[in-house]
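A short write-up of the structure that comes next.
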Amino acid sequence: MSHLTLATRSAASTPSADRLPWAGLLALGMTGFICILTEALPAGLLPQIGQGLGISEALAGQLVTLYALGSLLAAIPLTAATRSWRRRPLLLLCIIGFLVFNSITALSSNYALTLVARFLAGVSAGVLWGMTAGYARRMVPDALKGKAMAVAMIGTPLAMALGVPAGTFLGVLVGWRAVFGIMSLLTVVLVVWVLWKMPDYPGESANKRLPLHKVFVMPGVRPVLVVVLAWMLAHNILYTYIAAYLAQAGLARRVDLMLLIFGMASVIGIWITGMLIDRMPRFLILISLAAFSLASLLLGIGSSQAIVIYLAVAVWGLTIGGAATLLLTAMAESAGESGDVAQSMLVTAWNLAIGGGGLLGAILLETLGVRSFPWVLFILLLLALLVAWRAKVHGFPSKKN
């Protein structure tokens, strides 16, 4: 009987060859959803947060900065330090971090305490994003790894397309503290969900743990990092200053509509990525970069034509929707068993691109003007396309290894 019980448990924990473990993967998707909401929501509620804490909007904006700083500083060292930890307890610790620090943000009336909570929430996010790809890929056989990644990352475009606008609306309607409280309640549900449905896996064994510098010099890792930096830098320049670009095009009152189009297109983009990634990951990356390059050209040439801008924004959204899945998959394939540490490097590069996009965009805005944005985007995207094209064997192979 004991042998039968063990065999039954083993069969239950073995990934099915023909179907996805939807409950577990969607739990990862919800984790990403809460993570993105936690990161992005304050940007839409700066006046309300400033009034609630008795500070200026500029100081309220540092809630976003501290979160990004926490992710940037924590991703690599903490992911490396927790490589040996079992996966589910580490995931739960990160999720509980969001519960605690969002609750503090909701209740705190002290600016310094709120900044600390935001920084530590960013730390939780840095570790979380470093482990998400590896966790999702371990839940399925090789033939389904790409689809599993797409499902696990669905929370990101959904948060940007629906969660952030809805959260901003609720924040104006019922108060920003209530919105952070709602996120804490969602996190409690997520904790129960993870305990109920998520499988657990061991961490990386000591004899397989490579030093950080050896992971960095693995074939394929550096090309992926270069593509992440260039691609996401281009994206964040435009996304951060989309209102300024639309204002010069006479579409200042259409920012919400443009962001809705972008968000809906990004959801379609991740669906397309999930359908095709296991068969043509390299093609999807190349076509995404080429299409975003074309969209940047359209934004430059057709900056006075509303219909051209609508089209370009839709193409931009399509290409960004699957970007995280594609890049995380490329990094996982490049780094193999050292994937979590390599993913933490990707997270660091991603956060550098977010900060760099805001900084470079501000410099361009003050020097060359907003009309320079599309041409700078085009140069960055051509660089990313060239690197991805040349990295045919390592980093961006035609088929998954």
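Each chain in the structure tokens gets a letter, A, B, ..., in the order shown, and its residues are numbered from 1; ligands are numbered from 1 in order too.
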
So which residues touch A:Pro223 within 12 Å, counting only C-alpha atoms, skipping near sequence neighbours fewer than 2 positions away, as a ChimeraX atom specification? /A:216-221,225-230,327,330-331,334-335,346,349,383-397

With C-alpha atoms retained, could you export that selection as a PDB file, in the first residue's frame?
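part-v7.pdb, written as the output of this step:
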ATOM      1  CA  PHE A 216      27.647  36.400 -16.626  1.00  0.00           C
ATOM      2  CA  VAL A 217      30.195  35.100 -19.151  1.00  0.00           C
ATOM      3  CA  MET A 218      28.119  32.088 -20.198  1.00  0.00           C
ATOM      4  CA  PRO A 219      27.462  32.125 -23.981  1.00  0.00           C
ATOM      5  CA  GLY A 220      24.201  33.919 -24.688  1.00  0.00           C
ATOM      6  CA  VAL A 221      23.760  35.704 -21.366  1.00  0.00           C
ATOM      7  CA  LEU A 225      21.222  41.526 -21.466  1.00  0.00           C
ATOM      8  CA  VAL A 226      22.179  43.946 -24.259  1.00  0.00           C
ATOM      9  CA  VAL A 227      18.862  43.320 -26.015  1.00  0.00           C
ATOM     10  CA  VAL A 228      16.965  43.816 -22.739  1.00  0.00           C
ATOM     11  CA  LEU A 229      18.694  47.146 -22.104  1.00  0.00           C
ATOM     12  CA  ALA A 230      18.206  48.515 -25.622  1.00  0.00           C
ATOM     13  CA  LEU A 327      13.436  37.575 -23.020  1.00  0.00           C
ATOM     14  CA  ALA A 330      15.931  33.354 -23.979  1.00  0.00           C
ATOM     15  CA  MET A 331      17.821  33.922 -20.731  1.00  0.00           C
ATOM     16  CA  SER A 334      21.132  30.496 -22.231  1.00  0.00           C
ATOM     17  CA  ALA A 335      21.828  29.940 -18.520  1.00  0.00           C
ATOM     18  CA  LEU A 346      17.914  40.415 -16.455  1.00  0.00           C
ATOM     19  CA  ALA A 349      19.034  45.315 -16.559  1.00  0.00           C
ATOM     20  CA  LEU A 383      20.968  47.874 -32.047  1.00  0.00           C
ATOM     21  CA  ALA A 384      18.820  45.285 -30.259  1.00  0.00           C
ATOM     22  CA  LEU A 385      17.789  43.732 -33.575  1.00  0.00           C
ATOM     23  CA  LEU A 386      21.404  43.473 -34.731  1.00  0.00           C
ATOM     24  CA  VAL A 387      22.563  41.829 -31.489  1.00  0.00           C
ATOM     25  CA  ALA A 388      19.644  39.360 -31.526  1.00  0.00           C
ATOM     26  CA  TRP A 389      20.266  38.571 -35.194  1.00  0.00           C
ATOM     27  CA  ARG A 390      23.972  37.871 -34.651  1.00  0.00           C
ATOM     28  CA  ALA A 391      23.399  35.716 -31.534  1.00  0.00           C
ATOM     29  CA  LYS A 392      22.052  32.818 -33.609  1.00  0.00           C
ATOM     30  CA  VAL A 393      23.517  29.973 -31.573  1.00  0.00           C
ATOM     31  CA  HIS A 394      23.710  31.377 -28.053  1.00  0.00           C
ATOM     32  CA  GLY A 395      21.061  33.637 -26.609  1.00  0.00           C
ATOM     33  CA  PHE A 396      18.529  33.644 -29.441  1.00  0.00           C
ATOM     34  CA  PRO A 397      18.562  30.230 -31.191  1.00  0.00           C
TER      35      PRO A 397
END

I need the residues of stretch 150-297 of chain A that end up classed as alpha helix (DSSP H) by DSSP on the backbone, written out as a count of residues only. 111

Within 10 Å of A:Thr82, counting only C-alpha atoms, which residues qualify if same-chain residues fewer than 3 places away don't, as a PDB file with N, CA, C and O atoms, in the first residue's frame?
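The result, written out as result-v8.pdb:
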ATOM      1  N   PRO A  77      22.086  40.073  -5.690  1.00  0.00           N
ATOM      2  CA  PRO A  77      22.638  39.485  -4.463  1.00  0.00           C
ATOM      3  C   PRO A  77      21.680  38.568  -3.718  1.00  0.00           C
ATOM      4  O   PRO A  77      22.083  37.503  -3.242  1.00  0.00           O
ATOM      5  N   LEU A  78      20.398  38.957  -3.618  1.00  0.00           N
ATOM      6  CA  LEU A  78      19.467  38.116  -2.863  1.00  0.00           C
ATOM      7  C   LEU A  78      19.085  36.861  -3.638  1.00  0.00           C
ATOM      8  O   LEU A  78      18.880  35.797  -3.038  1.00  0.00           O
ATOM      9  N   THR A  79      18.976  36.946  -4.954  1.00  0.00           N
ATOM     10  CA  THR A  79      18.711  35.740  -5.735  1.00  0.00           C
ATOM     11  C   THR A  79      19.875  34.764  -5.602  1.00  0.00           C
ATOM     12  O   THR A  79      19.675  33.550  -5.450  1.00  0.00           O
ATOM     13  N   TRP A  85      17.487  27.710  -1.475  1.00  0.00           N
ATOM     14  CA  TRP A  85      16.193  27.623  -0.790  1.00  0.00           C
ATOM     15  C   TRP A  85      15.186  26.865  -1.640  1.00  0.00           C
ATOM     16  O   TRP A  85      15.200  26.947  -2.865  1.00  0.00           O
ATOM     17  N   ARG A  86      14.295  26.160  -0.970  1.00  0.00           N
ATOM     18  CA  ARG A  86      13.188  25.551  -1.695  1.00  0.00           C
ATOM     19  C   ARG A  86      12.316  26.649  -2.296  1.00  0.00           C
ATOM     20  O   ARG A  86      12.169  27.726  -1.721  1.00  0.00           O
ATOM     21  N   ARG A  87      11.722  26.357  -3.451  1.00  0.00           N
ATOM     22  CA  ARG A  87      11.085  27.395  -4.238  1.00  0.00           C
ATOM     23  C   ARG A  87       9.791  27.930  -3.632  1.00  0.00           C
ATOM     24  O   ARG A  87       9.554  29.137  -3.621  1.00  0.00           O
ATOM     25  N   LEU A  90      10.240  30.299  -0.627  1.00  0.00           N
ATOM     26  CA  LEU A  90      10.801  31.575  -1.065  1.00  0.00           C
ATOM     27  C   LEU A  90       9.737  32.413  -1.767  1.00  0.00           C
ATOM     28  O   LEU A  90       9.637  33.633  -1.540  1.00  0.00           O
ATOM     29  N   VAL A 127      13.549  39.777  -5.931  1.00  0.00           N
ATOM     30  CA  VAL A 127      13.721  38.334  -5.744  1.00  0.00           C
ATOM     31  C   VAL A 127      12.655  37.561  -6.515  1.00  0.00           C
ATOM     32  O   VAL A 127      12.937  36.546  -7.147  1.00  0.00           O
ATOM     33  N   MET A 131      13.006  34.573  -9.789  1.00  0.00           N
ATOM     34  CA  MET A 131      12.683  33.155  -9.686  1.00  0.00           C
ATOM     35  C   MET A 131      11.473  32.730 -10.505  1.00  0.00           C
ATOM     36  O   MET A 131      11.241  31.539 -10.712  1.00  0.00           O
ATOM     37  N   GLY A 203      15.904  23.893  -4.206  1.00  0.00           N
ATOM     38  CA  GLY A 203      16.756  24.928  -4.767  1.00  0.00           C
ATOM     39  C   GLY A 203      17.920  24.315  -5.524  1.00  0.00           C
ATOM     40  O   GLY A 203      17.989  23.094  -5.733  1.00  0.00           O
ATOM     41  N   GLU A 204      18.837  25.169  -5.927  1.00  0.00           N
ATOM     42  CA  GLU A 204      19.990  24.720  -6.701  1.00  0.00           C
ATOM     43  C   GLU A 204      21.000  24.060  -5.768  1.00  0.00           C
ATOM     44  O   GLU A 204      21.363  24.619  -4.729  1.00  0.00           O
ATOM     45  N   ASP A 340      18.100  31.079 -12.482  1.00  0.00           N
ATOM     46  CA  ASP A 340      17.573  32.060 -11.541  1.00  0.00           C
ATOM     47  C   ASP A 340      18.530  33.231 -11.358  1.00  0.00           C
ATOM     48  O   ASP A 340      18.112  34.394 -11.290  1.00  0.00           O
ATOM     49  N   VAL A 341      19.832  32.929 -11.266  1.00  0.00           N
ATOM     50  CA  VAL A 341      20.815  34.011 -11.119  1.00  0.00           C
ATOM     51  C   VAL A 341      20.863  34.849 -12.391  1.00  0.00           C
ATOM     52  O   VAL A 341      20.920  36.087 -12.340  1.00  0.00           O
TER      53      VAL A 341
END

Find, counting only C-alpha atoms, the residue in A:Gln248, A:Thr187, A:Asn351, A:Thr31 that gets nearest to A:Leu158.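 Nearest to A:Leu158: A:Thr31.
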
Tell me which protein, DNA and RNA residues are within 9 Å of A:Gly24, counting only C-alpha atoms, leaving out same-chain ones fewer than 5 positions away, and put them as an NGL selection string. :A and (29 or 136 or 139 or 152 or 193-194 or 197-199)

Same residues, N, CA and C atoms, saved as a PDB file, in the first residue's frame:
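Generated file (part-v2.pdb):
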ATOM      1  N   GLY A  29       0.925  34.111 -12.341  1.00  0.00           N
ATOM      2  CA  GLY A  29       0.405  35.265 -13.065  1.00  0.00           C
ATOM      3  C   GLY A  29      -0.196  36.305 -12.136  1.00  0.00           C
ATOM      4  N   ALA A 136       8.143  28.590 -13.272  1.00  0.00           N
ATOM      5  CA  ALA A 136       7.153  28.218 -14.292  1.00  0.00           C
ATOM      6  C   ALA A 136       7.678  27.101 -15.187  1.00  0.00           C
ATOM      7  N   MET A 139       7.542  23.472 -13.884  1.00  0.00           N
ATOM      8  CA  MET A 139       6.220  22.891 -13.695  1.00  0.00           C
ATOM      9  C   MET A 139       5.724  22.107 -14.904  1.00  0.00           C
ATOM     10  N   ALA A 152       2.387  32.339 -17.037  1.00  0.00           N
ATOM     11  CA  ALA A 152       2.923  32.889 -15.791  1.00  0.00           C
ATOM     12  C   ALA A 152       3.138  34.391 -15.868  1.00  0.00           C
ATOM     13  N   TRP A 193      -3.919  30.487  -2.155  1.00  0.00           N
ATOM     14  CA  TRP A 193      -3.849  29.847  -3.477  1.00  0.00           C
ATOM     15  C   TRP A 193      -2.515  29.119  -3.659  1.00  0.00           C
ATOM     16  N   VAL A 194      -1.424  29.781  -3.310  1.00  0.00           N
ATOM     17  CA  VAL A 194      -0.097  29.171  -3.461  1.00  0.00           C
ATOM     18  C   VAL A 194       0.044  27.953  -2.546  1.00  0.00           C
ATOM     19  N   LYS A 197      -2.257  25.156  -4.237  1.00  0.00           N
ATOM     20  CA  LYS A 197      -2.087  24.640  -5.596  1.00  0.00           C
ATOM     21  C   LYS A 197      -0.644  24.613  -6.127  1.00  0.00           C
ATOM     22  N   MET A 198       0.275  25.353  -5.538  1.00  0.00           N
ATOM     23  CA  MET A 198       1.608  25.431  -6.109  1.00  0.00           C
ATOM     24  C   MET A 198       2.468  24.255  -5.678  1.00  0.00           C
ATOM     25  N   PRO A 199       3.112  23.577  -6.614  1.00  0.00           N
ATOM     26  CA  PRO A 199       4.076  22.533  -6.244  1.00  0.00           C
ATOM     27  C   PRO A 199       5.343  23.164  -5.686  1.00  0.00           C
TER      28      PRO A 199
END

What's around stretch 110-112 of chain A at 12 Å? Count only C-alpha atoms, leave out sequence neighbours fewer than 5 positions away in its own chain, and write the answer as a list in words.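 Those residues are Ile49, Gly50, Gln51, Gly52, Leu53, Gly54, Ile55, Ser56, Leu59, Ala60, Gly61, Gln62, Leu63, Leu66, Ile104, Thr105, Ala117, Arg118 and Phe119 of chain A.
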
Neighbours of A:Val151 within 12 Å (only C-alpha atoms; same-chain residues fewer than 4 positions away dropped), as number ranges by chain? A: 20-33, 132-133, 136-137, 139-140, 144-147, 155-158, 267, 270-275, 277, 321-322, 324-325

Please produce a file of those selected residues containing C-alpha atoms, as a PDB file, in the first residue's frame.
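Everything below was put into again_24.pdb:
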ATOM      1  CA  LEU A  20      -0.599  22.982 -18.565  1.00  0.00           C
ATOM      2  CA  PRO A  21      -0.892  23.117 -14.750  1.00  0.00           C
ATOM      3  CA  TRP A  22      -3.191  26.108 -14.990  1.00  0.00           C
ATOM      4  CA  ALA A  23      -3.781  26.614 -11.259  1.00  0.00           C
ATOM      5  CA  GLY A  24      -0.099  26.923 -10.426  1.00  0.00           C
ATOM      6  CA  LEU A  25       0.815  29.010 -13.468  1.00  0.00           C
ATOM      7  CA  LEU A  26      -2.088  31.416 -12.918  1.00  0.00           C
ATOM      8  CA  ALA A  27      -0.964  31.808  -9.300  1.00  0.00           C
ATOM      9  CA  LEU A  28       2.359  33.023 -10.683  1.00  0.00           C
ATOM     10  CA  GLY A  29       0.405  35.265 -13.065  1.00  0.00           C
ATOM     11  CA  MET A  30      -1.540  36.785 -10.156  1.00  0.00           C
ATOM     12  CA  THR A  31       1.735  37.281  -8.288  1.00  0.00           C
ATOM     13  CA  GLY A  32       3.055  39.283 -11.234  1.00  0.00           C
ATOM     14  CA  PHE A  33      -0.229  41.215 -11.400  1.00  0.00           C
ATOM     15  CA  THR A 132       9.428  33.340 -11.662  1.00  0.00           C
ATOM     16  CA  ALA A 133      10.760  32.057 -14.985  1.00  0.00           C
ATOM     17  CA  ALA A 136       7.153  28.218 -14.292  1.00  0.00           C
ATOM     18  CA  ARG A 137       9.501  26.186 -16.496  1.00  0.00           C
ATOM     19  CA  MET A 139       6.220  22.891 -13.695  1.00  0.00           C
ATOM     20  CA  VAL A 140       5.966  21.576 -17.260  1.00  0.00           C
ATOM     21  CA  LEU A 144       5.324  23.330 -22.941  1.00  0.00           C
ATOM     22  CA  LYS A 145       7.917  25.597 -21.315  1.00  0.00           C
ATOM     23  CA  GLY A 146       7.195  28.553 -23.599  1.00  0.00           C
ATOM     24  CA  LYS A 147       3.435  28.364 -23.098  1.00  0.00           C
ATOM     25  CA  GLY A 155      -0.368  39.280 -15.018  1.00  0.00           C
ATOM     26  CA  THR A 156       2.039  41.928 -16.343  1.00  0.00           C
ATOM     27  CA  PRO A 157       0.060  43.130 -19.392  1.00  0.00           C
ATOM     28  CA  LEU A 158      -3.243  42.653 -17.563  1.00  0.00           C
ATOM     29  CA  VAL A 267      -2.616  41.355 -23.979  1.00  0.00           C
ATOM     30  CA  ILE A 270       1.265  37.793 -25.015  1.00  0.00           C
ATOM     31  CA  TRP A 271      -1.479  35.489 -26.316  1.00  0.00           C
ATOM     32  CA  ILE A 272       0.260  35.292 -29.708  1.00  0.00           C
ATOM     33  CA  THR A 273       3.579  34.705 -27.941  1.00  0.00           C
ATOM     34  CA  GLY A 274       2.131  31.854 -25.917  1.00  0.00           C
ATOM     35  CA  MET A 275       0.809  30.203 -29.061  1.00  0.00           C
ATOM     36  CA  ILE A 277       6.994  30.600 -28.601  1.00  0.00           C
ATOM     37  CA  GLY A 321       3.071  42.202 -24.649  1.00  0.00           C
ATOM     38  CA  GLY A 322       5.247  39.133 -25.152  1.00  0.00           C
ATOM     39  CA  ALA A 324       9.054  39.675 -20.959  1.00  0.00           C
ATOM     40  CA  THR A 325       8.155  36.079 -21.824  1.00  0.00           C
TER      41      THR A 325
END

Quick one: residues within 12 Å of A:Gly355, only C-alpha atoms counted, chain neighbours fewer than 2 positions away excluded, as a list in words?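 Once the adjacent positions are removed, what remains is Val64, Thr65, Leu66, Tyr67, Ala68, Leu69, Ser71, Leu72, Leu229, Met232, Leu233, Ala234, His235, Asn236, Ile237, Tyr239, Thr240, Thr348, Ala349, Trp350, Asn351, Leu352, Ala353, Gly357, Gly358, Leu359, Leu360, Gly361 and Ala362 of chain A.
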
File of the preceding selection, N, CA, C and O atoms, as a tab-separated table (two decimals), in the first residue's frame:
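The file below, result03.tsv, is the result:
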chain	number	residue	atom	x	y	z
A	64	VAL	N	7.76	55.73	-6.04
A	64	VAL	CA	8.06	54.93	-7.23
A	64	VAL	C	9.57	54.69	-7.32
A	64	VAL	O	10.02	53.58	-7.59
A	65	THR	N	10.35	55.73	-7.06
A	65	THR	CA	11.81	55.62	-7.15
A	65	THR	C	12.35	54.60	-6.16
A	65	THR	O	13.20	53.78	-6.51
A	66	LEU	N	11.90	54.65	-4.92
A	66	LEU	CA	12.41	53.73	-3.89
A	66	LEU	C	12.06	52.29	-4.19
A	66	LEU	O	12.85	51.38	-3.93
A	67	TYR	N	10.88	52.07	-4.75
A	67	TYR	CA	10.50	50.71	-5.15
A	67	TYR	C	11.47	50.18	-6.21
A	67	TYR	O	11.99	49.06	-6.10
A	68	ALA	N	11.72	50.99	-7.24
A	68	ALA	CA	12.62	50.57	-8.31
A	68	ALA	C	14.03	50.35	-7.77
A	68	ALA	O	14.73	49.40	-8.17
A	69	LEU	N	14.47	51.21	-6.84
A	69	LEU	CA	15.80	51.07	-6.25
A	69	LEU	C	15.92	49.77	-5.47
A	69	LEU	O	16.95	49.08	-5.54
A	71	SER	N	14.30	46.95	-6.01
A	71	SER	CA	14.40	45.86	-6.98
A	71	SER	C	15.79	45.81	-7.61
A	71	SER	O	16.38	44.74	-7.77
A	72	LEU	N	16.31	46.97	-7.95
A	72	LEU	CA	17.60	47.06	-8.62
A	72	LEU	C	18.73	46.54	-7.73
A	72	LEU	O	19.59	45.77	-8.18
A	229	LEU	N	18.41	45.73	-22.37
A	229	LEU	CA	18.69	47.15	-22.10
A	229	LEU	C	18.21	48.04	-23.25
A	229	LEU	O	17.53	49.05	-23.02
A	232	MET	N	14.14	47.69	-23.76
A	232	MET	CA	13.36	48.29	-22.69
A	232	MET	C	13.68	49.77	-22.49
A	232	MET	O	12.84	50.54	-22.02
A	233	LEU	N	14.88	50.19	-22.83
A	233	LEU	CA	15.19	51.61	-22.79
A	233	LEU	C	14.32	52.36	-23.80
A	233	LEU	O	13.74	53.40	-23.49
A	234	ALA	N	14.22	51.81	-25.02
A	234	ALA	CA	13.36	52.41	-26.04
A	234	ALA	C	11.91	52.46	-25.56
A	234	ALA	O	11.23	53.49	-25.67
A	235	HIS	N	11.43	51.36	-25.02
A	235	HIS	CA	10.05	51.30	-24.54
A	235	HIS	C	9.79	52.33	-23.45
A	235	HIS	O	8.77	53.04	-23.48
A	236	ASN	N	10.69	52.43	-22.50
A	236	ASN	CA	10.43	53.30	-21.35
A	236	ASN	C	10.59	54.78	-21.67
A	236	ASN	O	9.95	55.61	-21.02
A	237	ILE	N	11.41	55.12	-22.64
A	237	ILE	CA	11.45	56.52	-23.08
A	237	ILE	C	10.07	56.93	-23.58
A	237	ILE	O	9.53	57.97	-23.20
A	239	TYR	N	7.08	55.25	-23.17
A	239	TYR	CA	5.99	55.03	-22.22
A	239	TYR	C	5.97	56.12	-21.14
A	239	TYR	O	4.90	56.61	-20.75
A	240	THR	N	7.15	56.52	-20.67
A	240	THR	CA	7.23	57.53	-19.61
A	240	THR	C	6.74	58.89	-20.09
A	240	THR	O	6.07	59.62	-19.35
A	348	THR	N	17.79	43.18	-13.14
A	348	THR	CA	18.60	44.37	-12.89
A	348	THR	C	18.70	45.22	-14.15
A	348	THR	O	18.54	46.45	-14.10
A	349	ALA	N	18.97	44.58	-15.29
A	349	ALA	CA	19.03	45.31	-16.56
A	349	ALA	C	17.69	45.97	-16.88
A	349	ALA	O	17.64	47.11	-17.35
A	350	TRP	N	16.61	45.26	-16.60
A	350	TRP	CA	15.27	45.79	-16.86
A	350	TRP	C	15.01	47.05	-16.04
A	350	TRP	O	14.51	48.05	-16.54
A	351	ASN	N	15.37	47.00	-14.75
A	351	ASN	CA	15.16	48.16	-13.89
A	351	ASN	C	16.08	49.32	-14.26
A	351	ASN	O	15.70	50.48	-14.14
A	352	LEU	N	17.29	49.00	-14.71
A	352	LEU	CA	18.18	50.05	-15.21
A	352	LEU	C	17.55	50.74	-16.42
A	352	LEU	O	17.65	51.96	-16.58
A	353	ALA	N	16.91	49.94	-17.27
A	353	ALA	CA	16.26	50.51	-18.46
A	353	ALA	C	15.07	51.38	-18.07
A	353	ALA	O	14.81	52.40	-18.71
A	357	GLY	N	15.31	55.09	-19.02
A	357	GLY	CA	14.32	55.64	-19.93
A	357	GLY	C	13.79	56.97	-19.45
A	357	GLY	O	13.65	57.92	-20.22
A	358	GLY	N	13.51	57.05	-18.14
A	358	GLY	CA	13.05	58.32	-17.58
A	358	GLY	C	14.10	59.40	-17.67
A	358	GLY	O	13.82	60.55	-18.02
A	359	LEU	N	15.36	59.03	-17.38
A	359	LEU	CA	16.45	60.02	-17.41
A	359	LEU	C	16.78	60.47	-18.83
A	359	LEU	O	16.85	61.67	-19.11
A	360	LEU	N	16.97	59.49	-19.73
A	360	LEU	CA	17.31	59.85	-21.11
A	360	LEU	C	16.17	60.61	-21.78
A	360	LEU	O	16.40	61.56	-22.53
A	361	GLY	N	14.93	60.19	-21.49
A	361	GLY	CA	13.79	60.90	-22.05
A	361	GLY	C	13.74	62.35	-21.59
A	361	GLY	O	13.44	63.26	-22.37
A	362	ALA	N	14.06	62.58	-20.31
A	362	ALA	CA	14.07	63.95	-19.79
A	362	ALA	C	15.14	64.79	-20.48
A	362	ALA	O	14.91	65.96	-20.82

Kindly indicate which residue among A:Met183, A:Val215, A:Ala148, A:Ala121 lies nearest to A:Ala80, using only C-alpha atoms for the distances.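 Once distances to A:Ala80 are computed over only C-alpha atoms, the minimum belongs to A:Val215.
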
Would you work out the distance separating atom CA of A:Tyr245 from atom CA of A:Val313, expressed in Å to one decimal?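 Atom CA of A:Val313 lies 11.7 Å from atom CA of A:Tyr245.
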
Best match for closeness to A:Gly269 among A:Ala150, A:Trp196, A:Leu238, A:Pro202, counting only C-alpha atoms: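 The answer is A:Ala150, which sits nearest to A:Gly269.
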
Tell me, in Å to one decimal, how far atom CA of A:Leu92 is from atom CA of A:Asp200. 10.9 Å

Proximity to A:Arg279 - best of A:Ala143, A:Met345, A:Gly317, A:Gly122, only C-alpha atoms: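 Of all the options, A:Ala143 lies closest to A:Arg279.
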